file input.cif (mmCIF, C-alpha atoms and all ligand atoms)
data_start
loop_
_atom_site.group_PDB
_atom_site.id
_atom_site.type_symbol
_atom_site.label_atom_id
_atom_site.label_comp_id
_atom_site.auth_asym_id
_atom_site.auth_seq_id
_atom_site.Cartn_x
_atom_site.Cartn_y
_atom_site.Cartn_z
ATOM 1 C CA MET A 1107 103.839 187.242 -12.024
ATOM 2 C CA ILE A 1108 105.636 184.380 -13.730
ATOM 3 C CA SER A 1109 109.119 183.159 -12.819
ATOM 4 C CA LEU A 1110 111.517 181.078 -14.821
ATOM 5 C CA VAL A 1111 114.185 179.277 -12.804
ATOM 6 C CA PHE A 1112 117.321 178.105 -14.606
ATOM 7 C CA LEU A 1113 118.044 174.677 -13.147
ATOM 8 C CA GLY A 1114 120.809 174.393 -15.701
ATOM 9 C CA THR A 1115 122.505 176.470 -18.360
ATOM 10 C CA GLY A 1116 124.723 173.782 -19.924
ATOM 11 C CA GLY A 1117 124.071 172.036 -23.216
ATOM 12 C CA GLY A 1118 125.730 169.679 -25.607
ATOM 13 C CA ARG A 1119 127.659 166.525 -24.809
ATOM 14 C CA PHE A 1120 130.765 167.836 -23.102
ATOM 15 C CA ALA A 1121 129.195 170.483 -20.869
ATOM 16 C CA THR A 1122 126.723 167.761 -19.824
ATOM 17 C CA ILE A 1123 129.266 165.000 -19.166
ATOM 18 C CA SER A 1124 131.471 167.343 -17.131
ATOM 19 C CA GLN A 1125 128.571 169.216 -15.470
ATOM 20 C CA VAL A 1126 130.695 172.330 -15.786
ATOM 21 C CA ARG A 1127 127.245 173.877 -16.096
ATOM 22 C CA ALA A 1128 124.167 172.108 -14.752
ATOM 23 C CA THR A 1129 121.593 170.506 -17.081
ATOM 24 C CA GLY A 1130 118.418 170.556 -14.973
ATOM 25 C CA GLY A 1131 116.252 172.409 -17.510
ATOM 26 C CA LEU A 1132 113.949 175.353 -16.884
ATOM 27 C CA TYR A 1133 111.225 175.545 -14.243
ATOM 28 C CA LEU A 1134 108.338 177.909 -14.862
ATOM 29 C CA ILE A 1135 106.189 179.062 -11.955
ATOM 30 C CA SER A 1136 103.015 181.041 -12.628
ATOM 31 C CA ASP A 1137 100.266 182.114 -10.234
ATOM 32 C CA SER A 1138 98.493 178.780 -10.686
ATOM 33 C CA THR A 1139 100.835 176.265 -12.290
ATOM 34 C CA ARG A 1140 104.353 174.826 -12.443
ATOM 35 C CA VAL A 1141 106.008 173.516 -15.587
ATOM 36 C CA HIS A 1142 109.364 171.725 -15.872
ATOM 37 C CA ILE A 1143 110.901 172.132 -19.325
ATOM 38 C CA ASP A 1144 113.669 169.841 -20.604
ATOM 39 C CA PRO A 1145 114.677 167.915 -17.491
ATOM 40 C CA GLY A 1146 118.194 166.817 -18.405
ATOM 41 C CA PRO A 1147 120.772 164.991 -16.234
ATOM 42 C CA GLY A 1148 120.690 166.074 -12.580
ATOM 43 C CA SER A 1149 117.290 167.796 -12.719
ATOM 44 C CA LEU A 1150 116.041 166.107 -9.568
ATOM 45 C CA ILE A 1151 119.105 167.222 -7.611
ATOM 46 C CA ARG A 1152 118.949 170.764 -9.006
ATOM 47 C CA LEU A 1153 115.287 171.049 -7.974
ATOM 48 C CA LYS A 1154 116.229 169.997 -4.460
ATOM 49 C CA GLU A 1155 119.076 172.533 -4.380
ATOM 50 C CA ALA A 1156 116.661 175.271 -5.478
ATOM 51 C CA GLY A 1157 114.164 174.262 -2.765
ATOM 52 C CA LEU A 1158 111.547 173.247 -5.327
ATOM 53 C CA ASP A 1159 109.315 170.223 -4.806
ATOM 54 C CA PRO A 1160 108.931 168.023 -7.929
ATOM 55 C CA THR A 1161 105.659 166.565 -6.604
ATOM 56 C CA LYS A 1162 104.085 169.993 -7.144
ATOM 57 C CA THR A 1163 104.919 170.076 -10.866
ATOM 58 C CA ASN A 1164 101.798 170.291 -13.063
ATOM 59 C CA ALA A 1165 103.414 169.661 -16.434
ATOM 60 C CA ILE A 1166 106.628 168.303 -17.896
ATOM 61 C CA ILE A 1167 107.591 169.399 -21.401
ATOM 62 C CA VAL A 1168 110.445 167.772 -23.326
ATOM 63 C CA THR A 1169 111.364 169.621 -26.514
ATOM 64 C CA HIS A 1170 113.414 166.870 -28.164
ATOM 65 C CA CYS A 1171 115.099 163.547 -27.802
ATOM 66 C CA HIS A 1172 118.668 164.436 -26.813
ATOM 67 C CA PRO A 1173 119.898 163.359 -23.346
ATOM 68 C CA ASP A 1174 120.746 166.899 -22.142
ATOM 69 C CA HIS A 1175 116.979 167.551 -22.451
ATOM 70 C CA TYR A 1176 115.261 164.316 -21.393
ATOM 71 C CA THR A 1177 117.171 162.010 -19.013
ATOM 72 C CA ASP A 1178 115.320 162.852 -15.781
ATOM 73 C CA ALA A 1179 111.860 162.895 -17.384
ATOM 74 C CA GLU A 1180 110.801 159.484 -16.058
ATOM 75 C CA VAL A 1181 111.788 160.065 -12.441
ATOM 76 C CA LEU A 1182 110.094 163.469 -12.543
ATOM 77 C CA ILE A 1183 106.927 161.861 -13.947
ATOM 78 C CA GLU A 1184 107.077 159.583 -10.896
ATOM 79 C CA ALA A 1185 107.310 162.686 -8.685
ATOM 80 C CA MET A 1186 104.541 164.543 -10.543
ATOM 81 C CA THR A 1187 102.217 161.541 -10.211
ATOM 82 C CA HIS A 1188 103.140 161.117 -6.542
ATOM 83 C CA GLY A 1189 104.956 157.858 -7.044
ATOM 84 C CA CYS A 1190 102.647 156.796 -9.921
ATOM 85 C CA LYS A 1191 99.779 156.632 -7.402
ATOM 86 C CA LYS A 1192 97.816 159.652 -8.634
ATOM 87 C CA ARG A 1193 96.841 160.250 -12.215
ATOM 88 C CA ARG A 1194 97.840 163.880 -12.370
ATOM 89 C CA GLY A 1195 99.744 166.343 -14.529
ATOM 90 C CA LEU A 1196 100.540 166.674 -18.191
ATOM 91 C CA LEU A 1197 103.421 165.249 -20.199
ATOM 92 C CA ALA A 1198 103.929 167.128 -23.468
ATOM 93 C CA ALA A 1199 106.818 166.256 -25.760
ATOM 94 C CA SER A 1200 108.062 165.921 -29.298
ATOM 95 C CA ASP A 1201 107.192 162.801 -31.293
ATOM 96 C CA SER A 1202 110.771 161.593 -30.930
ATOM 97 C CA VAL A 1203 110.504 161.631 -27.124
ATOM 98 C CA LEU A 1204 107.140 159.860 -26.992
ATOM 99 C CA LYS A 1205 107.293 157.490 -29.955
ATOM 100 C CA GLY A 1206 110.869 157.605 -31.217
ATOM 101 C CA HIS A 1207 112.061 159.003 -34.512
ATOM 102 C CA GLN A 1208 114.481 157.074 -36.737
ATOM 103 C CA THR A 1209 117.398 156.169 -34.433
ATOM 104 C CA LEU A 1210 116.289 158.473 -31.588
ATOM 105 C CA GLY A 1211 114.141 157.510 -28.613
ATOM 106 C CA PRO A 1212 111.581 157.005 -27.363
ATOM 107 C CA ALA A 1213 112.867 158.636 -24.173
ATOM 108 C CA VAL A 1214 109.861 157.860 -21.980
ATOM 109 C CA SER A 1215 108.669 154.286 -21.470
ATOM 110 C CA ASP A 1216 105.052 153.334 -22.181
ATOM 111 C CA TYR A 1217 104.733 152.669 -18.451
ATOM 112 C CA HIS A 1218 105.722 156.225 -17.500
ATOM 113 C CA ALA A 1219 103.734 157.771 -20.355
ATOM 114 C CA SER A 1220 100.627 156.013 -18.991
ATOM 115 C CA LYS A 1221 100.860 157.703 -15.562
ATOM 116 C CA PRO A 1222 100.147 161.438 -16.088
ATOM 117 C CA ALA A 1223 96.518 162.544 -16.461
ATOM 118 C CA GLU A 1224 97.269 163.719 -19.983
ATOM 119 C CA VAL A 1225 99.929 163.166 -22.643
ATOM 120 C CA LYS A 1226 100.358 165.397 -25.688
ATOM 121 C CA ALA A 1227 102.620 164.889 -28.684
ATOM 122 C CA LEU A 1228 103.695 168.342 -29.846
ATOM 123 C CA LYS A 1229 104.411 169.469 -33.380
ATOM 124 C CA PRO A 1230 105.260 173.038 -34.412
ATOM 125 C CA GLY A 1231 102.039 175.069 -34.433
ATOM 126 C CA ASP A 1232 100.266 172.977 -31.771
ATOM 127 C CA SER A 1233 99.038 174.971 -28.819
ATOM 128 C CA PHE A 1234 97.426 174.104 -25.529
ATOM 129 C CA ARG A 1235 96.571 175.619 -22.153
ATOM 130 C CA ILE A 1236 97.844 174.754 -18.711
ATOM 131 C CA ASP A 1237 95.798 176.742 -16.195
ATOM 132 C CA ASP A 1238 96.757 180.404 -16.726
ATOM 133 C CA LEU A 1239 99.330 179.730 -19.469
ATOM 134 C CA LYS A 1240 98.911 179.307 -23.207
ATOM 135 C CA ILE A 1241 101.775 177.376 -24.755
ATOM 136 C CA ARG A 1242 102.544 176.961 -28.451
ATOM 137 C CA ALA A 1243 105.165 174.643 -29.939
ATOM 138 C CA THR A 1244 107.408 176.520 -32.376
ATOM 139 C CA LYS A 1245 109.459 175.485 -35.367
ATOM 140 C CA THR A 1246 113.125 174.510 -35.059
ATOM 141 C CA PHE A 1247 115.824 173.198 -37.383
ATOM 142 C CA HIS A 1248 117.769 170.672 -35.334
ATOM 143 C CA SER A 1249 119.376 167.241 -35.707
ATOM 144 C CA ASP A 1250 116.222 165.813 -34.115
ATOM 145 C CA PRO A 1251 113.798 166.853 -36.879
ATOM 146 C CA SER A 1252 110.804 166.671 -34.537
ATOM 147 C CA ALA A 1253 112.363 169.111 -32.036
ATOM 148 C CA ILE A 1254 110.300 172.125 -30.983
ATOM 149 C CA GLY A 1255 110.748 175.492 -29.297
ATOM 150 C CA LEU A 1256 108.103 177.043 -27.041
ATOM 151 C CA ARG A 1257 106.156 180.271 -26.872
ATOM 152 C CA ILE A 1258 104.541 180.769 -23.480
ATOM 153 C CA GLU A 1259 101.860 183.426 -23.061
ATOM 154 C CA SER A 1260 100.612 184.616 -19.698
ATOM 155 C CA LYS A 1261 98.719 187.646 -18.429
ATOM 156 C CA ASP A 1262 102.093 189.111 -17.434
ATOM 157 C CA GLY A 1263 103.616 188.778 -20.895
ATOM 158 C CA VAL A 1264 105.257 186.329 -23.274
ATOM 159 C CA ILE A 1265 108.381 184.232 -22.757
ATOM 160 C CA SER A 1266 109.574 182.572 -25.955
ATOM 161 C CA MET A 1267 112.272 179.919 -26.281
ATOM 162 C CA THR A 1268 114.026 179.063 -29.512
ATOM 163 C CA GLY A 1269 114.845 175.506 -28.424
ATOM 164 C CA ASP A 1270 117.822 173.830 -30.062
ATOM 165 C CA THR A 1271 117.879 175.069 -33.641
ATOM 166 C CA SER A 1272 120.008 176.521 -36.382
ATOM 167 C CA LEU A 1273 119.451 180.040 -37.704
ATOM 168 C CA LYS A 1274 116.526 180.393 -40.139
ATOM 169 C CA GLU A 1275 114.123 183.196 -40.869
ATOM 170 C CA GLU A 1276 111.227 180.877 -40.032
ATOM 171 C CA VAL A 1277 112.581 180.724 -36.484
ATOM 172 C CA PHE A 1278 112.468 184.536 -36.073
ATOM 173 C CA LYS A 1279 108.820 184.641 -37.078
ATOM 174 C CA GLU A 1280 107.767 182.211 -34.355
ATOM 175 C CA HIS A 1281 108.969 184.496 -31.577
ATOM 176 C CA MET A 1282 107.897 187.962 -32.733
ATOM 177 C CA GLY A 1283 106.275 190.112 -30.065
ATOM 178 C CA CYS A 1284 107.672 188.241 -27.059
ATOM 179 C CA ASP A 1285 108.849 190.118 -23.972
ATOM 180 C CA VAL A 1286 111.649 187.713 -23.098
ATOM 181 C CA LEU A 1287 113.515 185.590 -25.631
ATOM 182 C CA VAL A 1288 115.463 182.587 -24.340
ATOM 183 C CA LEU A 1289 118.065 181.534 -26.899
ATOM 184 C CA SER A 1290 119.808 178.145 -26.869
ATOM 185 C CA VAL A 1291 123.296 179.281 -27.818
ATOM 186 C CA THR A 1292 125.727 176.396 -27.946
ATOM 187 C CA ARG A 1293 128.679 178.032 -29.708
ATOM 188 C CA PRO A 1294 130.593 181.311 -29.244
ATOM 189 C CA LEU A 1295 131.643 183.836 -31.879
ATOM 190 C CA GLN A 1296 133.368 182.408 -34.953
ATOM 191 C CA ALA A 1297 132.704 178.789 -33.992
ATOM 192 C CA ARG A 1298 129.405 177.956 -35.672
ATOM 193 C CA ILE A 1299 128.349 174.298 -36.052
ATOM 194 C CA PRO A 1300 125.285 172.832 -37.797
ATOM 195 C CA HIS A 1301 121.967 172.442 -35.946
ATOM 196 C CA HIS A 1302 122.779 174.971 -33.183
ATOM 197 C CA LEU A 1303 122.947 178.719 -32.616
ATOM 198 C CA ALA A 1304 126.231 180.583 -32.248
ATOM 199 C CA THR A 1305 126.586 184.058 -30.717
ATOM 200 C CA GLU A 1306 126.249 185.790 -34.118
ATOM 201 C CA ASP A 1307 122.993 183.883 -34.758
ATOM 202 C CA ALA A 1308 121.619 184.904 -31.361
ATOM 203 C CA ALA A 1309 122.250 188.544 -32.288
ATOM 204 C CA GLU A 1310 120.462 188.138 -35.627
ATOM 205 C CA ILE A 1311 117.403 186.590 -34.026
ATOM 206 C CA ALA A 1312 117.323 189.159 -31.212
ATOM 207 C CA LYS A 1313 117.642 191.990 -33.748
ATOM 208 C CA ALA A 1314 114.636 190.671 -35.691
ATOM 209 C CA VAL A 1315 112.452 189.750 -32.703
ATOM 210 C CA LYS A 1316 113.287 192.789 -30.520
ATOM 211 C CA PRO A 1317 112.429 191.365 -27.090
ATOM 212 C CA LYS A 1318 112.768 193.491 -23.954
ATOM 213 C CA LEU A 1319 115.334 191.003 -22.694
ATOM 214 C CA ALA A 1320 117.388 188.339 -24.495
ATOM 215 C CA LEU A 1321 118.660 185.489 -22.355
ATOM 216 C CA LEU A 1322 121.412 183.185 -23.516
ATOM 217 C CA THR A 1323 121.553 179.605 -22.184
ATOM 218 C CA HIS A 1324 122.379 175.979 -23.245
ATOM 219 C CA PHE A 1325 126.108 176.656 -23.334
ATOM 220 C CA GLY A 1326 128.547 174.180 -24.824
ATOM 221 C CA MET A 1327 132.141 173.841 -23.636
ATOM 222 C CA ARG A 1328 133.563 176.228 -26.214
ATOM 223 C CA PHE A 1329 130.974 178.869 -25.320
ATOM 224 C CA ILE A 1330 131.807 178.550 -21.631
ATOM 225 C CA GLY A 1331 135.526 178.792 -22.459
ATOM 226 C CA ALA A 1332 134.869 181.966 -24.461
ATOM 227 C CA ASN A 1333 133.254 183.657 -21.420
ATOM 228 C CA PRO A 1334 129.446 183.755 -21.596
ATOM 229 C CA GLU A 1335 129.374 187.346 -20.339
ATOM 230 C CA VAL A 1336 131.621 188.519 -23.151
ATOM 231 C CA GLN A 1337 129.302 186.751 -25.612
ATOM 232 C CA ALA A 1338 126.196 188.394 -24.106
ATOM 233 C CA ASN A 1339 127.861 191.817 -24.168
ATOM 234 C CA TRP A 1340 128.675 191.328 -27.845
ATOM 235 C CA VAL A 1341 125.016 190.537 -28.614
ATOM 236 C CA GLU A 1342 123.850 193.540 -26.589
ATOM 237 C CA LYS A 1343 126.240 195.874 -28.395
ATOM 238 C CA GLU A 1344 125.236 194.512 -31.832
ATOM 239 C CA THR A 1345 121.505 194.713 -31.187
ATOM 240 C CA GLY A 1346 120.901 197.394 -28.558
ATOM 241 C CA ILE A 1347 118.785 194.801 -26.714
ATOM 242 C CA ARG A 1348 119.483 194.022 -23.085
ATOM 243 C CA THR A 1349 121.187 190.602 -23.138
ATOM 244 C CA VAL A 1350 122.106 188.397 -20.186
ATOM 245 C CA SER A 1351 124.011 185.122 -20.192
ATOM 246 C CA ALA A 1352 122.104 182.940 -17.742
ATOM 247 C CA TRP A 1353 123.778 181.247 -14.792
ATOM 248 C CA ASP A 1354 122.831 178.105 -12.880
ATOM 249 C CA GLY A 1355 120.185 178.834 -10.255
ATOM 250 C CA MET A 1356 119.214 182.270 -11.551
ATOM 251 C CA SER A 1357 115.591 183.188 -11.923
ATOM 252 C CA LEU A 1358 113.824 185.569 -14.207
ATOM 253 C CA THR A 1359 110.518 187.180 -13.354
ATOM 254 C CA LEU A 1360 108.027 188.781 -15.699
ATOM 255 C CA LYS A 1361 105.433 191.018 -14.095
ATOM 256 C CA GLU A 1362 103.032 193.168 -16.133
ATOM 257 C CA GLY A 1363 105.388 192.940 -19.092
ATOM 258 C CA VAL A 1364 108.494 193.952 -17.141
ATOM 259 C CA PRO A 1365 111.285 191.354 -16.935
ATOM 260 C CA SER A 1366 113.884 191.253 -14.172
ATOM 261 C CA VAL A 1367 116.668 188.855 -13.273
ATOM 262 C CA GLN A 1368 117.349 187.570 -9.740
ATOM 263 C CA LYS A 1369 120.120 185.639 -8.074
ATOM 264 C CA GLY A 1370 118.009 182.597 -7.230
ATOM 265 C CA VAL A 1371 114.541 181.334 -6.410
ATOM 266 C CA SER A 1372 112.685 183.766 -4.146
ATOM 267 C CA LYS A 1373 112.233 182.605 -0.580
ATOM 268 C CA LYS A 1374 108.461 182.861 -0.949
ATOM 269 C CA GLN A 1375 108.451 180.540 -3.960
ATOM 270 C CA ALA A 1376 110.738 178.063 -2.239
ATOM 271 C CA ASP A 1377 108.592 178.080 0.903
ATOM 272 C CA GLN A 1378 105.451 177.497 -1.141
ATOM 273 C CA ALA A 1379 107.185 174.569 -2.800
ATOM 274 C CA LYS A 1380 108.039 172.951 0.491
ATOM 275 C CA ILE A 1381 104.417 172.048 1.231
ATOM 276 C CA ALA A 1382 105.282 168.524 0.184
ATOM 277 C CA VAL A 1383 102.998 165.600 -0.447
ATOM 278 C CA ASP A 1384 102.129 163.680 2.690
ATOM 279 C CA LEU A 1385 104.773 160.992 3.033
ATOM 280 C CA ASP A 1386 102.009 158.437 3.691
ATOM 281 C CA ASP A 1387 101.166 158.771 0.008
ATOM 282 C CA TYR A 1388 104.534 157.278 -0.824
ATOM 283 C CA ILE A 1389 104.581 154.559 1.787
ATOM 284 C CA GLN A 1390 101.130 153.038 1.192
HETATM 285 ZN ZN ZN B 1401 119.602 168.935 -29.013
#

call {"tool": "encode", "arguments": {"input": "input.cif", "output": "structure tokens"}}
result
Amino acid sequence: MISLVFLGTGGGRFATISQVRATGGLYLISDSTRVHIDPGPGSLIRLKEAGLDPTKTNAIIVTHCHPDHYTDAEVLIEAMTHGCKKRRGLLAASDSVLKGHQTLGPAVSDYHASKPAEVKALKPGDSFRIDDLKIRATKTFHSDPSAIGLRIESKDGVISMTGDTSLKEEVFKEHMGCDVLVLSVTRPLQARIPHHLATEDAAEIAKAVKPKLALLTHFGMRFIGANPEVQANWVEKETGIRTVSAWDGMSLTLKEGVPSVQKGVSKKQADQAKIAVDLDDYIQ
């Protein structure tokens, strides 16, 4: 079984500044690994609230160099490497995050990038394995031109994430055949802006990709004001595909190709996470 915990469902400047929705990113838990995707502002606190231990993270992935996706990356690298004392884990990120791109970034210092066991710069089309997961970076069309989405394959099925992008046919193609499609939808109906998806765009992608479940997240202020549930219902009605607007702290599980949505992190997962690193490791 794989689980995806929503440590935040907010996106864009104003939802982030106000924390009207959290911006802690997504936390993927498989049978043998744990991956934190896009650790934005407050990620560390949201992990603690969910009962998840950041020292047990095996990989941190940052899809692009905007603050709602990267701000907590360094402190979570410190956690993943047990206070920078153990060379462990993987940091995988867009070029902009690791090296900087034009006026953006880098978002991770050379010091922090030198601490994980492995660092990968990801471009669309690149794929790699983390234990039982195969992850491929997918194409996006965003204001950070090196931004990526992610397609995550496991024995229980495929979770695909558009990342921040505008609507293009090339984006559909990247996510075909997935079981669960996570769409970064910043704007509601009739309020499209460049570089992001609006509700109508989410419906178009879902219609083309035909996942078993479409999940909307990364909500901007206007989207939140327009009632995320109403937006999800509109997509579901347009497409005939089950569509859920994510909420902070929810988790999604995928088991043998069957997705289901839960209120929060299961007690078993939280308990497993609480086997923390020996505090002596920190103090030495
Ligand atoms: Zn962005």

call {"tool": "residues_around", "arguments": {"input": "input.cif", "residues": "A:Asp1201", "least_positions_apart": "2", "cutoff": "8 Å", "atoms": "all atoms listed in the file", "output": "ChimeraX atom specification"}}
result
/A:1199,1203-1207,1227-1229,1252

call {"tool": "resolve_selection", "arguments": {"input": "input.cif", "expression": "the PyMOL selection byres (((not hetatm)) within 12 of (chain B and resi 1401))", "output": "PyMOL selection string"}}
result
chain A and resi 1116-1119+1122+1144+1146+1168-1176+1200+1202-1203+1210+1246-1255+1268-1272+1290-1292+1300-1303+1324-1326

call {"tool": "closest_residue", "arguments": {"input": "input.cif", "among": "A:Ala1243, A:Ala1179, A:Ala1309, A:Val1315", "to": "A:His1281", "atoms": "all atoms listed in the file"}}
result
A:Val1315

call {"tool": "atom_distance", "arguments": {"input": "input.cif", "atom1": "atom CA of A:Phe1112", "atom2": "atom CA of A:Ser1220"}}
result
28.0 Å

call {"tool": "closest_residue", "arguments": {"input": "input.cif", "among": "A:Asp1159, A:Asp1178, A:Asp1238, A:Asp1262", "to": "A:Thr1359", "atoms": "only C-alpha atoms"}}
result
A:Asp1262

call {"tool": "residues_near_point", "arguments": {"input": "input.cif", "point": "(120.5, 183.2, -9.4)", "cutoff": "12 Å", "atoms": "all atoms listed in the file", "output": "list in words"}}
result
Ser1109, Leu1110, Val1111, Phe1112, Leu1113, Gly1114, Thr1115, Glu1155, Ala1156, Ser1351, Ala1352, Trp1353, Asp1354, Gly1355, Met1356, Ser1357, Leu1358, Thr1359, Ser1366, Val1367, Gln1368, Lys1369, Gly1370, Val1371 and Ser1372 of chain A

call {"tool": "atom_distance", "arguments": {"input": "input.cif", "atom1": "atom CA of A:Lys1313", "atom2": "atom CA of A:Val1286"}}
result
12.9 Å

call {"tool": "atom_distance", "arguments": {"input": "input.cif", "atom1": "atom CA of A:Leu1319", "atom2": "atom CA of A:Lys1279"}}
result
17.0 Å

call {"tool": "closest_residue", "arguments": {"input": "input.cif", "among": "A:Ala1165, A:Met1282, A:Met1327, A:Thr1129", "to": "A:Ala1297", "atoms": "all atoms listed in the file"}}
result
A:Met1327

call {"tool": "resolve_selection", "arguments": {"input": "input.cif", "expression": "the PyMOL selection byres (((chain A and resi 1187) around 12) and not hetatm)", "output": "ChimeraX atom specification"}}
result
/A:1160-1166,1180-1186,1188-1197,1218-1224,1383,1387-1388

call {"tool": "closest_residue", "arguments": {"input": "input.cif", "among": "A:Ile1151, A:Ala1304, A:Val1277, A:Leu1256", "to": "A:Phe1234", "atoms": "only C-alpha atoms"}}
result
A:Leu1256

call {"tool": "residues_around", "arguments": {"input": "input.cif", "residues": "A:Trp1340", "least_positions_apart": "2", "cutoff": "10 Å", "atoms": "only C-alpha atoms", "output": "list in words"}}
result
Leu1295, Thr1305, Glu1306, Ala1309, Pro1334, Glu1335, Val1336, Gln1337, Ala1338, Glu1342, Lys1343, Glu1344, Thr1345, Gly1346 and Thr1349 of chain A

call {"tool": "closest_residue", "arguments": {"input": "input.cif", "among": "A:Arg1293, A:Leu1150, A:Leu1132, A:Gly1283", "to": "A:Asp1307", "atoms": "all atoms listed in the file"}}
result
A:Arg1293

call {"tool": "resolve_selection", "arguments": {"input": "input.cif", "expression": "the PyMOL selection byres (((chain A and resi 1361) around 8) and not hetatm)", "output": "list in words"}}
result
Met1107, Ile1108, Asp1262, Gly1263, Thr1359, Leu1360, Glu1362, Gly1363, Val1364 and Pro1365 of chain A

call {"tool": "closest_residue", "arguments": {"input": "input.cif", "among": "A:Ile1123, A:Ala1332, A:Leu1322, A:Ile1143", "to": "A:Gln1296", "atoms": "all atoms listed in the file"}}
result
A:Ala1332

call {"tool": "axis_aligned_box", "arguments": {"input": "input.cif", "around": "stretch 1113-1121 of chain A", "padding_each_side": "6 Å", "output": "JSON"}}
result
{"center_x": 124.4, "center_y": 171.5, "center_z": -19.4, "size_x": 24.7, "size_y": 21.9, "size_z": 24.5}
